[in-house]
Every structure is written in C-alpha cells, then in structure tokens.
Amino acid sequence: MVVKSLDAVEALKRKGSVYERFGVHPIINGNGTQTILGGSIMEPEVAEAMAEASRTMVVLEELNEAAGQLIAEHTGAEAGLVTSGAAAGLTLQAAAVVAGEDPERIALLPEAAHDRNQIVIKSSHDSEFTQAWRQGGARLVWVGNEETCHDWEIESAISGETVALGFIASRWHPDSFEGLSKFVEIAHGHGLPLLVDAAAMLPPAENLRRFIEYGADLVSYSGGKAIKAPQSTGILCGRADLIAAAKLNASPHYSIGRPMKVAREEIVGLMAALELYVLRDHEADMRRWFSEGRTIVDAVIEIPGVTATIEQDDWLRPVPEVSIAFTSEWLVRSSEEIVNALAEGDPPIIIEAGRRDDEDLFINPHGLMPGEAELIAERLRAELEAG
C-alpha cells in the first residue's frame with residue numbers, strides 16, 4: 001500500500017518559497033548528489049553555523065589554518081585546505097606541483113616557467129575533470145588504453161619533465177584501490193607525488209582516510225555531496241609541503257586560484273558539516289535508504305511488465321538504489337517518457353533513465369527528505385499504470 005503524502009508536498013512548497021519568489025521551481029531529487037541538481041541538502045546546524053559566521057569578520061588566513069587542522073584531523077593527512085569544490089582542488093594540486101611556492105612561477109600560471117610540468121595518468125581515467133589539472137599549468141601524459149595499462153607503460157612515460165602521477169578514483173574504475181597501490185609504489189619509487197581526485201568517493205565514510213592511508217600525497221573531495229557542506233566547497237588534504245604550496249596558489253592570494261574564492265561562511269559551513277559527517281550514524285542512513293527504496297519498490301512491483309529491485313554494494317552503489325526494468329510484456333511508454341513526465345509534474349521529480357540500457361530507471365534516495373519517497377512512489381506508480 002502506498003502512503004499518501006500531501007504533507008510532503010506542502011512541506012516542499014514551504015521550504016521552496018525563497019526559490020518560488022524568484023520564479024524557480026523546487027524539485028524532489030531522486031538522482032543522488034548530482035552537481036546539476038545542487039549536490040545535497042545541508043543540515044540545519046551547517047546553515048546556522050554559516051549564518052553566524054556571516055555576522056562577524058575574520059582574517060581568512062587564520063580561518064584557513066583552523067580549517068586545515070580540522071581537515072587533517074579527520075582525513076589522517078598532514079594538512080588540509082577548503083577549496084571551492086573538488087575540481088578546484090585538482091587545479092590547486094597541479095599548481096602546487098608545477099609552481100610550488102616560487103612567486104615567479106606562481107605568477108606565470110597557467111603557463112609553466114619550465115618544462116617540468118607533466119602529470120602521467122592512465123588513459124582509462126580520462127574524464128571531464130582532468131581539464132582542471134591542465135588549468136593549473138600541467139600537461140597530461142596519457143598511458144595505456146581504455147582497457148588496460150601495464151606498469152611498464154607508466155614507468156616508460158615518466159621523464160625529467162614529470163612532476164606527478166594523477167589518479168581519478170571512480171566507482172566506474174575497478175582499479176581505484178588495487179591500481180592506486182601500484183600507482184603509489186611507482187610514483188614514490190621515482191620521488192614523485194601522487195595526486196588523487198576522490199570527489200564522489202563518499203560514502204563509505206572510511207574513504208575519507210583511505211586514500212591518505214594508501215599513500216596518496218594530495219587528495220581532493222567534494223564538500224557538497226555526502227559531507228553535505230555548501231555545494232561550492234571541497235576538501236584538499238595531503239602532505240604539508242604540498243598543501244602549503246596549494247595555499248599560495250589559492251585565494252586570497254593573487255594567483256591562479258584567485259577566481260576560486262571560498263567565503264568565510266562557506267569555510268565554516270564545510271567545517272561544521274565535516275564534524276557532523278564523522279559523527280554521523282552511517283548505519284542508520286543505510287537503514288533509512290533501504291526503507292525508502294522498499295517503499296518505492298512495493299508501490300510498483302506488481303505492475304505487469306515491471307521489475308523492481310534494490311541494488312547495493314560497497315563499491316559501485318554504496319547508497320542503495322531502486323532499479324526498475326521492463327520485461328517483454330511492457331509495450332507502452334519508454335523510460336525517457338516516464339522520466340520526463342515525472343520531471344514535468346508538480347512538484348518536479350528527478351530520477352535517472354538509461355544508465356545500463358535505454359529502458360531502465362534508477363532512483364537514488366540520498367537526497368530525499370522525509371515523505372518524499374512516498375510521493376515518488378505515488379507518482380511513479382501512477383505514471384506506470386497510465387501506460
């Protein structure tokens with residue numbers, strides 16, 4: 001039985017009033033922590049900390065130092081820095097290894113003052129985000145192919161112009177820990193740092209320390225996803241000397257990172273969110289996500305031609321997701337039509353279609369507020385039964 005949830009609709013309208021005042025429609029986010037949907041919803045304590053910070057001025061370098069100490073404490077790194085998102089963290093990684101703390105080199109970025117500016121990276125790790133390293137003055141050297149990369153290929157690509165090895169940790173890369181160990185070994189064997197993009201690798205919470213424990217020298221995380229900090233924040237953590245270089249290349253200094261300014265309110269928001277995240281009952285989150293998924297599955301499982309399951313594993317889907325597929329009995333609307341119908345409703349509901357093939361649906365409960373799973377269940381069932 002699907003629970004009616006008019007209260008959820010009214011709550012959404014109330015919490016969305018500031019958006020509606022400017023003609024923007026609040027949504028129900030059944031698609032995880034996607035940047036295009038605003039990341040995640042901050043806890044009230046985070047918003048309150050930001051509001052309090054907004055009423056007082058501080059010296060940013062002192063605030064950055066305090067934030068760095070907190071980040072180091074919770075990541076196991078030597079030092080840390082709040083960035084304007086994980087991608088900005090990659091740009092500062094590159095700047096730190098290409099220009100270091102040299103004022104002349106810092107001033108020249110993104111042009112390098114010397115030829116030693118190459119980051120070696122696997123071809124299979126190519127993504128939209130590797131551009132962020134190039135923005136920091138690095139030239140990328142791709143090794144291997146989309147399927148394989150042998151150790152000797154990595155070794156052969158390292159030269160006197162190499163400043164670091166780069167690694168994109170992703171749930172779609174099965175080598176993101178096994179391969180990381182080998183990359184650390186090769187990098188350190190050549191006296192080079194390993195730079196890691198771990199933007200979306202939380203949960204599990206253990207990953208907040210895992211990359212440093214594996215030996216990575218600089219790691220960049222998103223603050224606005226699982227940590228539930230302001231979406232425009234990120235965490236950069238790692239070796240103290242490299243973080244010191246990253247700071248000189250970052251705002252408030254007049255350097256490549258100046259446009260990537262992080263406001264004092266955002267820094268405090270990240271600090272408050274990080275403290276909450278490490279104390280959070282992650283097992284309770286998992287139970288809630290499964291319960292919300294079961295609410296949706298139970299609503300549609302008996303519709304002819306529809307199969308619905310909850311998929312979860314520690315690697316690819318750390319957050320339990322509802323997976324809906326269609327059998328040969330299903331001869332009506334496409335998954336894209338269903339997704340569009342939900343998105344065009346009131347309130348708009350955003351879910352994902354076509355991840356595995358053209359005819360599947362996925363619902364990620366990470367961003368759902370109380371009552372919203374019931375509303376998704378009602379609306380999805382109605383769309384599927386409408387044929």
# chains A, B, ... in the order shown; residues from 1 in each chain; ligands from 1
$ residues_around --residues "Leu60 of chain A" --least-positions-apart "3" --cutoff "10 Å" --atoms "only C-alpha atoms" --output "NGL selection string"
:A and (57 or 63-66 or 251-252 or 262-264 or 267)
$ write_last_selection --atoms "N, CA and C atoms" --output "JSON list (two decimals), in the first residue's frame"
[["chain", "number", "residue", "atom", "x", "y", "z"],
["A", 57, "MET", "N", 33.54, 39.34, 11.03],
["A", 57, "MET", "CA", 34.67, 39.31, 10.11],
["A", 57, "MET", "C", 35.86, 38.62, 10.77],
["A", 63, "LEU", "N", 41.50, 31.62, 9.53],
["A", 63, "LEU", "CA", 40.39, 30.68, 9.37],
["A", 63, "LEU", "C", 40.82, 29.49, 8.52],
["A", 64, "ASN", "N", 41.57, 29.74, 7.45],
["A", 64, "ASN", "CA", 42.07, 28.64, 6.62],
["A", 64, "ASN", "C", 42.96, 27.70, 7.42],
["A", 65, "GLU", "N", 43.77, 28.26, 8.31],
["A", 65, "GLU", "CA", 44.65, 27.42, 9.14],
["A", 65, "GLU", "C", 43.83, 26.53, 10.06],
["A", 66, "ALA", "N", 42.80, 27.09, 10.68],
["A", 66, "ALA", "CA", 41.94, 26.30, 11.57],
["A", 66, "ALA", "C", 41.22, 25.21, 10.80],
["A", 251, "SER", "N", 43.16, 31.52, -3.50],
["A", 251, "SER", "CA", 42.65, 32.76, -2.91],
["A", 251, "SER", "C", 42.85, 32.68, -1.40],
["A", 252, "PRO", "N", 43.15, 33.77, -0.70],
["A", 252, "PRO", "CA", 43.05, 35.16, -1.14],
["A", 252, "PRO", "C", 44.29, 35.73, -1.82],
["A", 262, "VAL", "N", 36.76, 31.10, -1.72],
["A", 262, "VAL", "CA", 35.84, 30.45, -0.78],
["A", 262, "VAL", "C", 35.54, 31.45, 0.33],
["A", 263, "ALA", "N", 34.27, 31.78, 0.50],
["A", 263, "ALA", "CA", 33.88, 32.76, 1.51],
["A", 263, "ALA", "C", 34.04, 32.19, 2.91],
["A", 264, "ARG", "N", 34.17, 33.07, 3.88],
["A", 264, "ARG", "CA", 34.33, 32.63, 5.27],
["A", 264, "ARG", "C", 33.13, 31.80, 5.71],
["A", 267, "ILE", "N", 33.62, 28.31, 4.33],
["A", 267, "ILE", "CA", 34.66, 27.57, 5.07],
["A", 267, "ILE", "C", 34.09, 27.04, 6.37]]
$ closest_atom_pairs --of "segment 279-387 of chain A" --to "segment 22-39 of chain A" --cutoff "8 Å" --atoms "only C-alpha atoms" --output "JSON lines"
{"residue": "A:Pro347", "atom": "CA", "partner": "A:Ile27", "partner_atom": "CA", "distance": 5.9}
{"residue": "A:Pro348", "atom": "CA", "partner": "A:Ile27", "partner_atom": "CA", "distance": 5.0}
{"residue": "A:Ile349", "atom": "CA", "partner": "A:Ile28", "partner_atom": "CA", "distance": 4.8}
{"residue": "A:Ile350", "atom": "CA", "partner": "A:Asn29", "partner_atom": "CA", "distance": 5.3}
{"residue": "A:Ile351", "atom": "CA", "partner": "A:Gly30", "partner_atom": "CA", "distance": 4.9}
{"residue": "A:Glu352", "atom": "CA", "partner": "A:Asn31", "partner_atom": "CA", "distance": 6.1}
{"residue": "A:Phe362", "atom": "CA", "partner": "A:Asn31", "partner_atom": "CA", "distance": 7.6}
{"residue": "A:Ile363", "atom": "CA", "partner": "A:Gly30", "partner_atom": "CA", "distance": 5.1}
{"residue": "A:Asn364", "atom": "CA", "partner": "A:Asn31", "partner_atom": "CA", "distance": 5.0}
{"residue": "A:Pro365", "atom": "CA", "partner": "A:Gly30", "partner_atom": "CA", "distance": 5.6}
{"residue": "A:His366", "atom": "CA", "partner": "A:Gly32", "partner_atom": "CA", "distance": 5.2}
{"residue": "A:Gly367", "atom": "CA", "partner": "A:Gly32", "partner_atom": "CA", "distance": 5.7}
{"residue": "A:Leu368", "atom": "CA", "partner": "A:Asn29", "partner_atom": "CA", "distance": 6.2}
{"residue": "A:Glu372", "atom": "CA", "partner": "A:Ile28", "partner_atom": "CA", "distance": 7.0}
$ closest_residue --among "A:Ala245, A:Ala112, A:Ala382, A:Val120" --to "Glu155 of chain A" --atoms "only C-alpha atoms"
A:Val120
$ closest_atom_pairs --of "segment 147-248 of chain A" --to "segment 269-281 of chain A" --cutoff "7 Å" --atoms "only C-alpha atoms" --output "tab-separated table"
residue	atom	partner	partner_atom	distance
A:Gly223	CA	A:Leu270	CA	6.6
A:Ile227	CA	A:Tyr277	CA	5.7
A:Lys228	CA	A:Ala273	CA	6.1
A:Ala229	CA	A:Leu270	CA	4.9
A:Pro230	CA	A:Gly269	CA	6.4
A:Thr233	CA	A:Leu270	CA	6.8
$ select_by_dssp --residues "segment 87-152 of chain A" --states "strand (DSSP E or B)" --output "VMD selection string"
chain A and resid 118 to 122 139 to 143
$ write_last_selection --atoms "C-alpha atoms" --output "mmCIF file, in the first residue's frame"
data_model
loop_
_atom_site.group_PDB
_atom_site.id
_atom_site.type_symbol
_atom_site.label_atom_id
_atom_site.label_comp_id
_atom_site.auth_asym_id
_atom_site.auth_seq_id
_atom_site.Cartn_x
_atom_site.Cartn_y
_atom_site.Cartn_z
ATOM 1 C CA GLN A 118 53.829 16.751 -16.852
ATOM 2 C CA ILE A 119 51.322 14.622 -14.945
ATOM 3 C CA VAL A 120 51.205 10.967 -16.005
ATOM 4 C CA ILE A 121 47.717 9.422 -15.964
ATOM 5 C CA LYS A 122 46.038 6.277 -17.262
ATOM 6 C CA ARG A 139 50.438 18.881 -19.319
ATOM 7 C CA LEU A 140 48.821 15.447 -19.172
ATOM 8 C CA VAL A 141 50.651 12.386 -20.462
ATOM 9 C CA TRP A 142 48.243 9.519 -21.175
ATOM 10 C CA VAL A 143 49.408 5.920 -20.870
#
$ closest_residue --among "A:Thr162, A:Thr75, A:Ser17, A:Ser40" --to "Val219 of chain A" --atoms "only C-alpha atoms"
A:Thr75
$ residues_around --residues "Ala216 of chain A" --least-positions-apart "5" --cutoff "7 Å" --atoms "only C-alpha atoms" --output "count of residues only"
5
$ atom_distance --atom1 "atom CA of Gly89 of chain A" --atom2 "atom CA of Ser220 of chain A"
5.4 Å
$ residues_around --residues "Ala72 of chain A" --least-positions-apart "2" --cutoff "10 Å" --atoms "only C-alpha atoms" --output "mmCIF file with N, CA and C atoms, in the first residue's frame"
data_model
loop_
_atom_site.group_PDB
_atom_site.id
_atom_site.type_symbol
_atom_site.label_atom_id
_atom_site.label_comp_id
_atom_site.auth_asym_id
_atom_site.auth_seq_id
_atom_site.Cartn_x
_atom_site.Cartn_y
_atom_site.Cartn_z
ATOM 1 N N ALA A 66 42.800 27.090 10.684
ATOM 2 C CA ALA A 66 41.943 26.300 11.575
ATOM 3 C C ALA A 66 41.216 25.207 10.801
ATOM 4 N N ALA A 67 40.713 25.563 9.622
ATOM 5 C CA ALA A 67 40.019 24.571 8.792
ATOM 6 C C ALA A 67 40.975 23.469 8.368
ATOM 7 N N GLY A 68 42.201 23.852 8.021
ATOM 8 C CA GLY A 68 43.187 22.860 7.607
ATOM 9 C C GLY A 68 43.510 21.873 8.706
ATOM 10 N N GLN A 69 43.592 22.360 9.936
ATOM 11 C CA GLN A 69 43.860 21.469 11.063
ATOM 12 C C GLN A 69 42.714 20.484 11.265
ATOM 13 N N LEU A 70 41.478 20.980 11.123
ATOM 14 C CA LEU A 70 40.314 20.099 11.264
ATOM 15 C C LEU A 70 40.300 19.043 10.166
ATOM 16 N N HIS A 74 40.628 14.755 10.524
ATOM 17 C CA HIS A 74 39.608 13.794 10.105
ATOM 18 C C HIS A 74 39.959 13.020 8.836
ATOM 19 N N THR A 75 41.050 13.377 8.180
ATOM 20 C CA THR A 75 41.481 12.624 6.990
ATOM 21 C C THR A 75 42.758 11.839 7.230
ATOM 22 N N GLY A 76 43.442 12.130 8.339
ATOM 23 C CA GLY A 76 44.722 11.484 8.597
ATOM 24 C C GLY A 76 45.867 12.091 7.813
ATOM 25 N N ALA A 77 45.614 13.204 7.141
ATOM 26 C CA ALA A 77 46.650 13.870 6.353
ATOM 27 C C ALA A 77 47.477 14.794 7.248
ATOM 28 N N GLU A 78 48.587 15.287 6.687
ATOM 29 C CA GLU A 78 49.421 16.227 7.430
ATOM 30 C C GLU A 78 48.784 17.611 7.487
ATOM 31 N N ALA A 79 48.034 17.959 6.443
ATOM 32 C CA ALA A 79 47.460 19.306 6.361
ATOM 33 C C ALA A 79 46.257 19.284 5.434
ATOM 34 N N GLY A 80 45.500 20.386 5.439
ATOM 35 C CA GLY A 80 44.312 20.448 4.591
ATOM 36 C C GLY A 80 43.967 21.869 4.208
ATOM 37 N N LEU A 81 43.038 21.981 3.269
ATOM 38 C CA LEU A 81 42.599 23.278 2.761
ATOM 39 C C LEU A 81 41.169 23.145 2.256
ATOM 40 N N ARG A 209 39.614 8.652 4.902
ATOM 41 C CA ARG A 209 41.002 8.421 5.316
ATOM 42 C C ARG A 209 41.750 7.464 4.387
ATOM 43 N N LEU A 236 40.808 19.609 0.184
ATOM 44 C CA LEU A 236 42.105 19.188 -0.338
ATOM 45 C C LEU A 236 42.962 18.829 0.864
ATOM 46 N N CYS A 237 43.479 17.610 0.883
ATOM 47 C CA CYS A 237 44.281 17.171 2.020
ATOM 48 C C CYS A 237 45.511 16.429 1.524
ATOM 49 N N GLY A 238 46.545 16.407 2.356
ATOM 50 C CA GLY A 238 47.752 15.699 1.949
ATOM 51 C C GLY A 238 48.990 16.174 2.661
ATOM 52 N N ARG A 239 50.126 16.056 1.973
ATOM 53 C CA ARG A 239 51.418 16.433 2.525
ATOM 54 C C ARG A 239 51.454 17.915 2.883
ATOM 55 N N ALA A 240 52.084 18.231 4.004
ATOM 56 C CA ALA A 240 52.107 19.611 4.478
ATOM 57 C C ALA A 240 52.784 20.546 3.488
#
$ atom_distance --atom1 "atom CA of Glu146 of chain A" --atom2 "atom CA of Gly85 of chain A"
27.0 Å
